[in-house]
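K.L.:
One structure, as structure tokens, below. Some questions next.
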Amino acid sequence: MPNTVQSNPHDPVISQSDAWFSRANNLIPAGTQTLAKGPGQYVRGVAPKYLERGKGSHVWDVDGNEYLDYQMGIGPISLGYCYERVDRAIQEQLKSGITFSLMHPLEVEVAELIREVIPQAEMVRYSKTGCDVTSAAVRLARAFTHRSKVLCCGYHGWHDWYISVTDRNAGIPQAVQDLTYTINYNDIASAIDAVDEETACVILEPVVFEAPKDDFLQKLRELCTARGALLIFDEMWTGFRLALGGAQQYFGVDADLATYSKAIANGMPIGVLAGRADVMRLCERDVFFFTTFGGEALSLAATKATILEIRERRVSESLHRQGRKLKDGFNAIAEELGMDYVRCVGMDVRTIVTFDARAGNGLEVKSLLQQELIRRGILWGGSHNLSFSHTEADIAYTLSAYREALPVLREAVASGSVRKALRGTPVDPVFRRTTNFNTKPAVPAGERR
Ligand SMILES: Cc1ncc(COP(=O)(O)O)c(C=O)c1O
């Protein structure tokens, strides 16, 4: 499919976006249901706020502007918007019904399929969100180990047990806050210090952007086994993307439990909890994890079609290939331009553009690059969330847009005029951390053994 977005000499018209946003004002707290989709992540006054439709890797905002999308629904659109095979499966299922009074065979079929592609998934349960399944995993680990303490690393959702480690912890009783701590990614010493006889589990994103070093994941596996804690992989971003079998397959490390949601149903809402049968069996009675929409059939039909497509079309390989082209292409341009303060890093399937301190105010430089990309028809929040629909032409166009946009940034950085070059309000910090996770260590650095 040829690329259809073009460089625009002007900022896009966003009057309909602004009109919708003013209607949301004083009606929807924060204006958004997902912080990463909200206006704080985009240059206000320049970027669109509401999207209306998508096809493949492209989206159209409510003013009719077209963009090449690198957010992809913040992860779920792994194949592409309005992807025919998945949409057909949803439409077919819709003819028979959405939610039923008894169980639906798709619950079994999809579980069998998941077990086929993820050998560690000895048993499988469904829910609706990522947060549901990370929370169920933590509860299971506590029930299985008869321990209470949780160590985490990364972002795991809005529920009490996790969000209590952040500064947005209002409404969470102190007793709950006292049970969750953090470890630092790639810092096995922080885990060795923290995993003790009260630790139920270590839950982490197996990789975010920084690759595991020095067998970090293997060592964590050994540590958990030795100390009787469960290892839980939060595979929202890695599952069905890094490899068909997710990070467990890619890194060759078996977790006790793993959780999936984004990427598994190409945009339909489903969360999957999977893992060791002896642990999962606790969900039969003692650990209560049941929910009305868990067996909702449209999402299960979408899940089945998405997994089959990922397997048959070798989607992970394509994501790695296209992502690498983008990453290497970006870094070559930055190098050519002598911009050694900006780099594209990460696993190929999902990369991020980072700036070091020499670029100046990180939020302002990110905003300026975003502004220049929006002018060139690219919806960008700092990372490249690749989908199977990102074509050769899309990648080539994106690199040509960087080739135009990066010199604008270079000039502004060199002349100290980044803020002045911005035609709107800079973006806010990203709430979801991508590095430096040890925000609430169980053992403060000064007291380490
Ligand atoms: C790694 C990770 N875990 C858990 C979640 C929570 O998922 P949800 O927002 O569907 O509850 C997210 C969401 O962004 C995530 O990125």
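Ordering of the structure tokens sets the chain letters (A, B, ...), residue numbers begin anew at 1 in every chain, and ligands are numbered from 1 in the order given.
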Identify, counting only C-alpha atoms and all ligand atoms, the protein, DNA and RNA residues located within 7 Å of ligand 1, and give them as a list in words.
P.N.:
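Selection of residues at most 7 Å from ligand 1: Thr129, Gly130, Cys131, Asp132, Thr134, Gly154, Tyr155, His156, Gly157, Trp158, Glu205, Asp234, Glu235, Met236, Trp237 and Ser261 of chain A.
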K.L.:
Excluding A:Ala277 and any residue of its chain fewer than 4 positions from it, enumerate the residues within 9 Å of it, using only C-alpha atoms, and give them as a ChimeraX atom specification.
P.N.:
/A:121-124,281-282
K.L.:
Let's see if you can do this: from backbone DSSP, list all alpha helix (DSSP H) residues in stretch 247-392 of chain A, as number ranges by chain.
P.N.:
A: 247-251, 277-280, 297-312, 315-336, 362-375, 392
K.L.:
Can you check which parts of stretch 192-302 of chain A lie within 8 Å of stretch 420-435 of chain A? Per residue, the shortest pair of atoms and distance in Å to one decimal, counting only C-alpha atoms, sorted by chain and number, as JSON lines.
P.N.:
```
{"residue": "A:Val208", "atom": "CA", "partner": "A:Thr434", "partner_atom": "CA", "distance": 6.4}
{"residue": "A:Phe209", "atom": "CA", "partner": "A:Thr434", "partner_atom": "CA", "distance": 6.9}
{"residue": "A:Glu210", "atom": "CA", "partner": "A:Thr435", "partner_atom": "CA", "distance": 7.8}
```
K.L.:
Take the selection from the previous step and output its residues with N, CA, C and O atoms, as a short mmCIF file (atom, residue, chain, number, x, y, z; two decimals), in the first residue's frame.
P.N.:
```cif
data_model
loop_
_atom_site.label_atom_id
_atom_site.label_comp_id
_atom_site.auth_asym_id
_atom_site.auth_seq_id
_atom_site.Cartn_x
_atom_site.Cartn_y
_atom_site.Cartn_z
N VAL A 208 11.49 -3.32 28.66
CA VAL A 208 10.73 -2.16 28.17
C VAL A 208 11.53 -1.65 26.96
O VAL A 208 11.32 -2.12 25.85
N PHE A 209 12.47 -0.75 27.17
CA PHE A 209 13.31 -0.34 26.04
C PHE A 209 14.74 -0.83 26.22
O PHE A 209 15.43 -1.14 25.27
N GLU A 210 15.18 -0.89 27.49
CA GLU A 210 16.55 -1.33 27.76
C GLU A 210 16.58 -2.87 27.75
O GLU A 210 15.81 -3.51 28.46
#
```
K.L.:
Any idea what's packed within 9 Å of A:Gln120, counting only C-alpha atoms, ignoring anything in its chain fewer than 5 positions away? Could you give it as a PyMOL selection string?
P.N.:
chain A and resi 115+245+248+254-258+274-276
K.L.:
For A:Glu364, which residue out of A:Arg403, A:His104, A:Arg410, A:Arg419 is the nearest one, using only C-alpha atoms?
P.N.:
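Checking each of A:Arg403, A:His104, A:Arg410, A:Arg419 against A:Glu364, counting only C-alpha atoms, the winner is A:Arg419.
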K.L.:
Pick out each residue of stretch 221-413 of chain A that DSSP on the backbone tags as strand (DSSP E); I need them as a PDB file with all heavy atoms, in the first residue's frame.
P.N.:
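Contents of out.pdb, freshly written:
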```pdb
ATOM      1  N   LEU A 230       7.215 -16.274  43.468  1.00  0.00           N
ATOM      2  CA  LEU A 230       6.852 -16.532  42.074  1.00  0.00           C
ATOM      3  C   LEU A 230       7.390 -15.412  41.180  1.00  0.00           C
ATOM      4  O   LEU A 230       7.479 -14.261  41.608  1.00  0.00           O
ATOM      5  CB  LEU A 230       5.338 -16.630  41.909  1.00  0.00           C
ATOM      6  CG  LEU A 230       4.614 -17.771  42.631  1.00  0.00           C
ATOM      7  CD1 LEU A 230       3.194 -17.920  42.089  1.00  0.00           C
ATOM      8  CD2 LEU A 230       5.345 -19.097  42.488  1.00  0.00           C
ATOM      9  N   LEU A 231       7.719 -15.796  39.956  1.00  0.00           N
ATOM     10  CA  LEU A 231       8.146 -14.815  38.950  1.00  0.00           C
ATOM     11  C   LEU A 231       6.989 -14.610  37.975  1.00  0.00           C
ATOM     12  O   LEU A 231       6.481 -15.569  37.388  1.00  0.00           O
ATOM     13  CB  LEU A 231       9.381 -15.328  38.200  1.00  0.00           C
ATOM     14  CG  LEU A 231       9.919 -14.404  37.098  1.00  0.00           C
ATOM     15  CD1 LEU A 231      10.418 -13.074  37.677  1.00  0.00           C
ATOM     16  CD2 LEU A 231      11.040 -15.093  36.312  1.00  0.00           C
ATOM     17  N   ILE A 232       6.566 -13.355  37.861  1.00  0.00           N
ATOM     18  CA  ILE A 232       5.441 -13.034  36.960  1.00  0.00           C
ATOM     19  C   ILE A 232       5.937 -12.092  35.874  1.00  0.00           C
ATOM     20  O   ILE A 232       6.512 -11.038  36.174  1.00  0.00           O
ATOM     21  CB  ILE A 232       4.290 -12.351  37.735  1.00  0.00           C
ATOM     22  CG1 ILE A 232       3.820 -13.226  38.898  1.00  0.00           C
ATOM     23  CG2 ILE A 232       3.132 -12.029  36.789  1.00  0.00           C
ATOM     24  CD1 ILE A 232       2.853 -12.518  39.855  1.00  0.00           C
ATOM     25  N   PHE A 233       5.740 -12.473  34.635  1.00  0.00           N
ATOM     26  CA  PHE A 233       6.062 -11.573  33.519  1.00  0.00           C
ATOM     27  C   PHE A 233       4.791 -10.822  33.124  1.00  0.00           C
ATOM     28  O   PHE A 233       3.780 -11.446  32.792  1.00  0.00           O
ATOM     29  CB  PHE A 233       6.573 -12.358  32.305  1.00  0.00           C
ATOM     30  CG  PHE A 233       8.038 -12.708  32.360  1.00  0.00           C
ATOM     31  CD1 PHE A 233       8.840 -12.354  33.435  1.00  0.00           C
ATOM     32  CD2 PHE A 233       8.627 -13.399  31.298  1.00  0.00           C
ATOM     33  CE1 PHE A 233      10.195 -12.676  33.469  1.00  0.00           C
ATOM     34  CE2 PHE A 233       9.977 -13.724  31.321  1.00  0.00           C
ATOM     35  CZ  PHE A 233      10.759 -13.366  32.410  1.00  0.00           C
ATOM     36  N   ASP A 234       4.874  -9.505  33.152  1.00  0.00           N
ATOM     37  CA  ASP A 234       3.805  -8.660  32.624  1.00  0.00           C
ATOM     38  C   ASP A 234       4.131  -8.441  31.151  1.00  0.00           C
ATOM     39  O   ASP A 234       4.985  -7.640  30.801  1.00  0.00           O
ATOM     40  CB  ASP A 234       3.773  -7.339  33.408  1.00  0.00           C
ATOM     41  CG  ASP A 234       2.745  -6.365  32.867  1.00  0.00           C
ATOM     42  OD1 ASP A 234       2.308  -6.547  31.716  1.00  0.00           O
ATOM     43  OD2 ASP A 234       2.404  -5.413  33.583  1.00  0.00           O
ATOM     44  N   LEU A 257       3.874 -17.224  36.122  1.00  0.00           N
ATOM     45  CA  LEU A 257       2.627 -16.702  35.562  1.00  0.00           C
ATOM     46  C   LEU A 257       2.993 -15.612  34.559  1.00  0.00           C
ATOM     47  O   LEU A 257       4.021 -14.940  34.720  1.00  0.00           O
ATOM     48  CB  LEU A 257       1.747 -16.082  36.655  1.00  0.00           C
ATOM     49  CG  LEU A 257       1.223 -17.009  37.752  1.00  0.00           C
ATOM     50  CD1 LEU A 257       0.555 -16.181  38.851  1.00  0.00           C
ATOM     51  CD2 LEU A 257       0.224 -18.028  37.180  1.00  0.00           C
ATOM     52  N   ALA A 258       2.150 -15.427  33.565  1.00  0.00           N
ATOM     53  CA  ALA A 258       2.373 -14.326  32.624  1.00  0.00           C
ATOM     54  C   ALA A 258       1.028 -13.709  32.280  1.00  0.00           C
ATOM     55  O   ALA A 258      -0.006 -14.393  32.303  1.00  0.00           O
ATOM     56  CB  ALA A 258       3.075 -14.825  31.366  1.00  0.00           C
ATOM     57  N   THR A 259       1.059 -12.407  31.999  1.00  0.00           N
ATOM     58  CA  THR A 259      -0.184 -11.690  31.713  1.00  0.00           C
ATOM     59  C   THR A 259      -0.073 -10.989  30.361  1.00  0.00           C
ATOM     60  O   THR A 259       0.989 -10.480  30.008  1.00  0.00           O
ATOM     61  CB  THR A 259      -0.474 -10.645  32.806  1.00  0.00           C
ATOM     62  OG1 THR A 259       0.627  -9.739  32.889  1.00  0.00           O
ATOM     63  CG2 THR A 259      -0.691 -11.291  34.154  1.00  0.00           C
ATOM     64  N   TYR A 260      -1.177 -10.994  29.639  1.00  0.00           N
ATOM     65  CA  TYR A 260      -1.215 -10.441  28.276  1.00  0.00           C
ATOM     66  C   TYR A 260      -2.477  -9.607  28.111  1.00  0.00           C
ATOM     67  O   TYR A 260      -3.483  -9.865  28.751  1.00  0.00           O
ATOM     68  CB  TYR A 260      -1.251 -11.575  27.241  1.00  0.00           C
ATOM     69  CG  TYR A 260      -0.150 -12.592  27.410  1.00  0.00           C
ATOM     70  CD1 TYR A 260      -0.305 -13.651  28.323  1.00  0.00           C
ATOM     71  CD2 TYR A 260       1.036 -12.492  26.702  1.00  0.00           C
ATOM     72  CE1 TYR A 260       0.709 -14.585  28.505  1.00  0.00           C
ATOM     73  CE2 TYR A 260       2.054 -13.430  26.886  1.00  0.00           C
ATOM     74  CZ  TYR A 260       1.887 -14.468  27.786  1.00  0.00           C
ATOM     75  OH  TYR A 260       2.878 -15.381  27.971  1.00  0.00           O
ATOM     76  N   GLY A 271      -7.987  -9.418  28.568  1.00  0.00           N
ATOM     77  CA  GLY A 271      -6.773  -9.651  29.345  1.00  0.00           C
ATOM     78  C   GLY A 271      -6.640 -11.149  29.521  1.00  0.00           C
ATOM     79  O   GLY A 271      -7.645 -11.859  29.662  1.00  0.00           O
ATOM     80  N   VAL A 272      -5.417 -11.645  29.481  1.00  0.00           N
ATOM     81  CA  VAL A 272      -5.194 -13.087  29.622  1.00  0.00           C
ATOM     82  C   VAL A 272      -4.198 -13.342  30.744  1.00  0.00           C
ATOM     83  O   VAL A 272      -3.132 -12.725  30.782  1.00  0.00           O
ATOM     84  CB  VAL A 272      -4.669 -13.694  28.296  1.00  0.00           C
ATOM     85  CG1 VAL A 272      -4.271 -15.143  28.488  1.00  0.00           C
ATOM     86  CG2 VAL A 272      -5.711 -13.567  27.198  1.00  0.00           C
ATOM     87  N   LEU A 273      -4.593 -14.225  31.644  1.00  0.00           N
ATOM     88  CA  LEU A 273      -3.703 -14.694  32.710  1.00  0.00           C
ATOM     89  C   LEU A 273      -3.388 -16.140  32.390  1.00  0.00           C
ATOM     90  O   LEU A 273      -4.301 -16.941  32.151  1.00  0.00           O
ATOM     91  CB  LEU A 273      -4.423 -14.589  34.054  1.00  0.00           C
ATOM     92  CG  LEU A 273      -3.750 -15.271  35.254  1.00  0.00           C
ATOM     93  CD1 LEU A 273      -2.435 -14.588  35.602  1.00  0.00           C
ATOM     94  CD2 LEU A 273      -4.678 -15.239  36.466  1.00  0.00           C
ATOM     95  N   ALA A 274      -2.097 -16.478  32.360  1.00  0.00           N
ATOM     96  CA  ALA A 274      -1.722 -17.840  31.980  1.00  0.00           C
ATOM     97  C   ALA A 274      -0.508 -18.266  32.781  1.00  0.00           C
ATOM     98  O   ALA A 274       0.279 -17.436  33.215  1.00  0.00           O
ATOM     99  CB  ALA A 274      -1.398 -17.883  30.481  1.00  0.00           C
ATOM    100  N   GLY A 275      -0.366 -19.583  32.973  1.00  0.00           N
ATOM    101  CA  GLY A 275       0.833 -20.034  33.673  1.00  0.00           C
ATOM    102  C   GLY A 275       0.724 -21.428  34.229  1.00  0.00           C
ATOM    103  O   GLY A 275      -0.076 -22.253  33.762  1.00  0.00           O
ATOM    104  N   VAL A 342      20.758  12.776  20.396  1.00  0.00           N
ATOM    105  CA  VAL A 342      19.470  12.105  20.185  1.00  0.00           C
ATOM    106  C   VAL A 342      19.718  10.713  19.602  1.00  0.00           C
ATOM    107  O   VAL A 342      20.592  10.540  18.749  1.00  0.00           O
ATOM    108  CB  VAL A 342      18.523  12.961  19.293  1.00  0.00           C
ATOM    109  CG1 VAL A 342      19.142  13.276  17.948  1.00  0.00           C
ATOM    110  CG2 VAL A 342      17.182  12.271  19.092  1.00  0.00           C
ATOM    111  N   ARG A 343      18.972   9.728  20.103  1.00  0.00           N
ATOM    112  CA  ARG A 343      19.165   8.347  19.683  1.00  0.00           C
ATOM    113  C   ARG A 343      17.833   7.617  19.659  1.00  0.00           C
ATOM    114  O   ARG A 343      16.944   7.926  20.464  1.00  0.00           O
ATOM    115  CB  ARG A 343      20.052   7.592  20.704  1.00  0.00           C
ATOM    116  CG  ARG A 343      21.528   7.690  20.463  1.00  0.00           C
ATOM    117  CD  ARG A 343      21.950   6.726  19.317  1.00  0.00           C
ATOM    118  NE  ARG A 343      23.241   7.067  18.726  1.00  0.00           N
ATOM    119  CZ  ARG A 343      23.451   8.029  17.814  1.00  0.00           C
ATOM    120  NH1 ARG A 343      22.492   8.784  17.387  1.00  0.00           N
ATOM    121  NH2 ARG A 343      24.647   8.229  17.296  1.00  0.00           N
ATOM    122  N   CYS A 344      17.730   6.661  18.773  1.00  0.00           N
ATOM    123  CA  CYS A 344      16.555   5.786  18.794  1.00  0.00           C
ATOM    124  C   CYS A 344      17.013   4.447  19.383  1.00  0.00           C
ATOM    125  O   CYS A 344      17.963   3.839  18.883  1.00  0.00           O
ATOM    126  CB  CYS A 344      16.029   5.604  17.374  1.00  0.00           C
ATOM    127  SG  CYS A 344      14.562   4.566  17.309  1.00  0.00           S
ATOM    128  N   VAL A 345      16.386   4.034  20.469  1.00  0.00           N
ATOM    129  CA  VAL A 345      16.832   2.828  21.189  1.00  0.00           C
ATOM    130  C   VAL A 345      15.637   1.908  21.455  1.00  0.00           C
ATOM    131  O   VAL A 345      14.486   2.332  21.353  1.00  0.00           O
ATOM    132  CB  VAL A 345      17.498   3.193  22.541  1.00  0.00           C
ATOM    133  CG1 VAL A 345      18.728   4.069  22.331  1.00  0.00           C
ATOM    134  CG2 VAL A 345      16.513   3.876  23.487  1.00  0.00           C
ATOM    135  N   GLY A 346      15.946   0.685  21.837  1.00  0.00           N
ATOM    136  CA  GLY A 346      14.884  -0.252  22.239  1.00  0.00           C
ATOM    137  C   GLY A 346      14.964  -1.546  21.471  1.00  0.00           C
ATOM    138  O   GLY A 346      15.819  -1.727  20.608  1.00  0.00           O
ATOM    139  N   MET A 347      14.078  -2.475  21.808  1.00  0.00           N
ATOM    140  CA  MET A 347      13.969  -3.711  21.047  1.00  0.00           C
ATOM    141  C   MET A 347      13.364  -3.292  19.698  1.00  0.00           C
ATOM    142  O   MET A 347      12.520  -2.397  19.658  1.00  0.00           O
ATOM    143  CB  MET A 347      13.031  -4.692  21.753  1.00  0.00           C
ATOM    144  CG  MET A 347      13.370  -4.951  23.214  1.00  0.00           C
ATOM    145  SD  MET A 347      15.022  -5.612  23.466  1.00  0.00           S
ATOM    146  CE  MET A 347      14.834  -7.281  22.849  1.00  0.00           C
ATOM    147  N   ARG A 350       9.708  -2.312  19.159  1.00  0.00           N
ATOM    148  CA  ARG A 350       9.178  -1.116  19.830  1.00  0.00           C
ATOM    149  C   ARG A 350      10.364  -0.271  20.288  1.00  0.00           C
ATOM    150  O   ARG A 350      11.102  -0.676  21.182  1.00  0.00           O
ATOM    151  CB  ARG A 350       8.334  -1.527  21.029  1.00  0.00           C
ATOM    152  CG  ARG A 350       7.732  -0.354  21.743  1.00  0.00           C
ATOM    153  CD  ARG A 350       6.748  -0.832  22.799  1.00  0.00           C
ATOM    154  NE  ARG A 350       6.246   0.279  23.541  1.00  0.00           N
ATOM    155  CZ  ARG A 350       6.336   0.414  24.870  1.00  0.00           C
ATOM    156  NH1 ARG A 350       6.886  -0.546  25.598  1.00  0.00           N
ATOM    157  NH2 ARG A 350       5.866   1.472  25.469  1.00  0.00           N
ATOM    158  N   THR A 351      10.518   0.878  19.666  1.00  0.00           N
ATOM    159  CA  THR A 351      11.687   1.704  19.973  1.00  0.00           C
ATOM    160  C   THR A 351      11.233   3.079  20.442  1.00  0.00           C
ATOM    161  O   THR A 351      10.080   3.466  20.272  1.00  0.00           O
ATOM    162  CB  THR A 351      12.592   1.839  18.734  1.00  0.00           C
ATOM    163  OG1 THR A 351      11.811   2.346  17.640  1.00  0.00           O
ATOM    164  CG2 THR A 351      13.206   0.506  18.348  1.00  0.00           C
ATOM    165  N   ILE A 352      12.180   3.804  21.027  1.00  0.00           N
ATOM    166  CA  ILE A 352      11.856   5.137  21.540  1.00  0.00           C
ATOM    167  C   ILE A 352      12.989   6.099  21.182  1.00  0.00           C
ATOM    168  O   ILE A 352      14.157   5.693  21.114  1.00  0.00           O
ATOM    169  CB  ILE A 352      11.625   5.086  23.073  1.00  0.00           C
ATOM    170  CG1 ILE A 352      11.074   6.403  23.602  1.00  0.00           C
ATOM    171  CG2 ILE A 352      12.908   4.699  23.823  1.00  0.00           C
ATOM    172  CD1 ILE A 352      10.567   6.339  25.033  1.00  0.00           C
ATOM    173  N   VAL A 353      12.631   7.345  20.951  1.00  0.00           N
ATOM    174  CA  VAL A 353      13.629   8.379  20.677  1.00  0.00           C
ATOM    175  C   VAL A 353      13.986   9.037  22.009  1.00  0.00           C
ATOM    176  O   VAL A 353      13.102   9.494  22.740  1.00  0.00           O
ATOM    177  CB  VAL A 353      13.071   9.417  19.675  1.00  0.00           C
ATOM    178  CG1 VAL A 353      14.039  10.583  19.514  1.00  0.00           C
ATOM    179  CG2 VAL A 353      12.791   8.755  18.330  1.00  0.00           C
ATOM    180  N   THR A 354      15.280   9.028  22.329  1.00  0.00           N
ATOM    181  CA  THR A 354      15.704   9.611  23.608  1.00  0.00           C
ATOM    182  C   THR A 354      16.670  10.771  23.349  1.00  0.00           C
ATOM    183  O   THR A 354      17.410  10.779  22.361  1.00  0.00           O
ATOM    184  CB  THR A 354      16.439   8.573  24.488  1.00  0.00           C
ATOM    185  OG1 THR A 354      17.601   8.141  23.780  1.00  0.00           O
ATOM    186  CG2 THR A 354      15.570   7.377  24.813  1.00  0.00           C
ATOM    187  N   PHE A 355      16.627  11.729  24.244  1.00  0.00           N
ATOM    188  CA  PHE A 355      17.521  12.893  24.146  1.00  0.00           C
ATOM    189  C   PHE A 355      18.359  12.928  25.411  1.00  0.00           C
ATOM    190  O   PHE A 355      17.840  12.677  26.502  1.00  0.00           O
ATOM    191  CB  PHE A 355      16.702  14.188  24.092  1.00  0.00           C
ATOM    192  CG  PHE A 355      15.676  14.199  22.989  1.00  0.00           C
ATOM    193  CD1 PHE A 355      14.373  13.759  23.226  1.00  0.00           C
ATOM    194  CD2 PHE A 355      16.004  14.644  21.726  1.00  0.00           C
ATOM    195  CE1 PHE A 355      13.426  13.760  22.217  1.00  0.00           C
ATOM    196  CE2 PHE A 355      15.062  14.647  20.701  1.00  0.00           C
ATOM    197  CZ  PHE A 355      13.768  14.202  20.952  1.00  0.00           C
ATOM    198  N   ILE A 378       2.639  12.780  10.820  1.00  0.00           N
ATOM    199  CA  ILE A 378       3.004  11.614  11.634  1.00  0.00           C
ATOM    200  C   ILE A 378       2.565  11.842  13.079  1.00  0.00           C
ATOM    201  O   ILE A 378       2.914  12.849  13.689  1.00  0.00           O
ATOM    202  CB  ILE A 378       4.530  11.350  11.558  1.00  0.00           C
ATOM    203  CG1 ILE A 378       4.885  10.954  10.119  1.00  0.00           C
ATOM    204  CG2 ILE A 378       4.942  10.262  12.543  1.00  0.00           C
ATOM    205  CD1 ILE A 378       6.340  10.646   9.892  1.00  0.00           C
ATOM    206  N   LEU A 379       1.760  10.906  13.579  1.00  0.00           N
ATOM    207  CA  LEU A 379       1.291  10.986  14.967  1.00  0.00           C
ATOM    208  C   LEU A 379       2.278  10.205  15.818  1.00  0.00           C
ATOM    209  O   LEU A 379       2.398   8.982  15.691  1.00  0.00           O
ATOM    210  CB  LEU A 379      -0.115  10.385  15.068  1.00  0.00           C
ATOM    211  CG  LEU A 379      -0.832  10.603  16.395  1.00  0.00           C
ATOM    212  CD1 LEU A 379      -1.110  12.079  16.640  1.00  0.00           C
ATOM    213  CD2 LEU A 379      -2.153   9.833  16.410  1.00  0.00           C
ATOM    214  N   SER A 383       7.691   7.203  20.800  1.00  0.00           N
ATOM    215  CA  SER A 383       8.116   5.830  20.505  1.00  0.00           C
ATOM    216  C   SER A 383       7.555   5.386  19.155  1.00  0.00           C
ATOM    217  O   SER A 383       6.725   6.068  18.553  1.00  0.00           O
ATOM    218  CB  SER A 383       7.668   4.889  21.627  1.00  0.00           C
ATOM    219  OG  SER A 383       6.288   5.023  21.838  1.00  0.00           O
ATOM    220  N   HIS A 384       8.026   4.237  18.706  1.00  0.00           N
ATOM    221  CA  HIS A 384       7.504   3.634  17.480  1.00  0.00           C
ATOM    222  C   HIS A 384       6.880   2.304  17.862  1.00  0.00           C
ATOM    223  O   HIS A 384       7.598   1.331  18.092  1.00  0.00           O
ATOM    224  CB  HIS A 384       8.644   3.379  16.478  1.00  0.00           C
ATOM    225  CG  HIS A 384       9.461   4.598  16.153  1.00  0.00           C
ATOM    226  ND1 HIS A 384      10.815   4.670  16.370  1.00  0.00           N
ATOM    227  CD2 HIS A 384       9.092   5.801  15.642  1.00  0.00           C
ATOM    228  CE1 HIS A 384      11.255   5.860  15.995  1.00  0.00           C
ATOM    229  NE2 HIS A 384      10.232   6.566  15.558  1.00  0.00           N
ATOM    230  N   ASN A 385       5.560   2.282  17.982  1.00  0.00           N
ATOM    231  CA  ASN A 385       4.849   1.034  18.264  1.00  0.00           C
ATOM    232  C   ASN A 385       4.462   0.434  16.915  1.00  0.00           C
ATOM    233  O   ASN A 385       3.423   0.773  16.354  1.00  0.00           O
ATOM    234  CB  ASN A 385       3.607   1.287  19.117  1.00  0.00           C
ATOM    235  CG  ASN A 385       3.948   1.975  20.423  1.00  0.00           C
ATOM    236  OD1 ASN A 385       5.057   1.830  20.942  1.00  0.00           O
ATOM    237  ND2 ASN A 385       3.012   2.732  20.965  1.00  0.00           N
TER     238      ASN A 385
END
```
K.L.:
Calculate how many Å separate atom CA of A:Tyr67 from atom CA of A:Met268, rounding to one decimal.
P.N.:
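About the pair atom CA of A:Tyr67 and atom CA of A:Met268: they are 21.8 Å apart.
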K.L.:
Compile the contact shell of A:Gly64 as a list in words: residues with an atom at most 12 Å away, counting only C-alpha atoms, same-chain residues fewer than 5 positions apart removed.
P.N.:
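The residues satisfying every condition are Pro12, Val13, Ile14, Ser15, Gln16, Ser17, Pro48, Tyr50, Leu51, Glu52, Arg53, Gly54, Val59 and Gly377 of chain A.
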K.L.:
Check the smallest atom-to-atom distance from each of A:Val315, A:Ser7, A:Gly56, A:Ser135 to A:Ala401 using only C-alpha atoms, then report the winner.
P.N.:
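Ranking A:Val315, A:Ser7, A:Gly56, A:Ser135 by distance to A:Ala401, first place goes to A:Ser7.
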K.L.:
Could you tell me how far atom CA of A:Asp328 lies from atom CA of A:Ala393, in Å and to one decimal?
P.N.:
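Atom-to-atom, atom CA of A:Asp328 and atom CA of A:Ala393 are spaced 16.0 Å apart.
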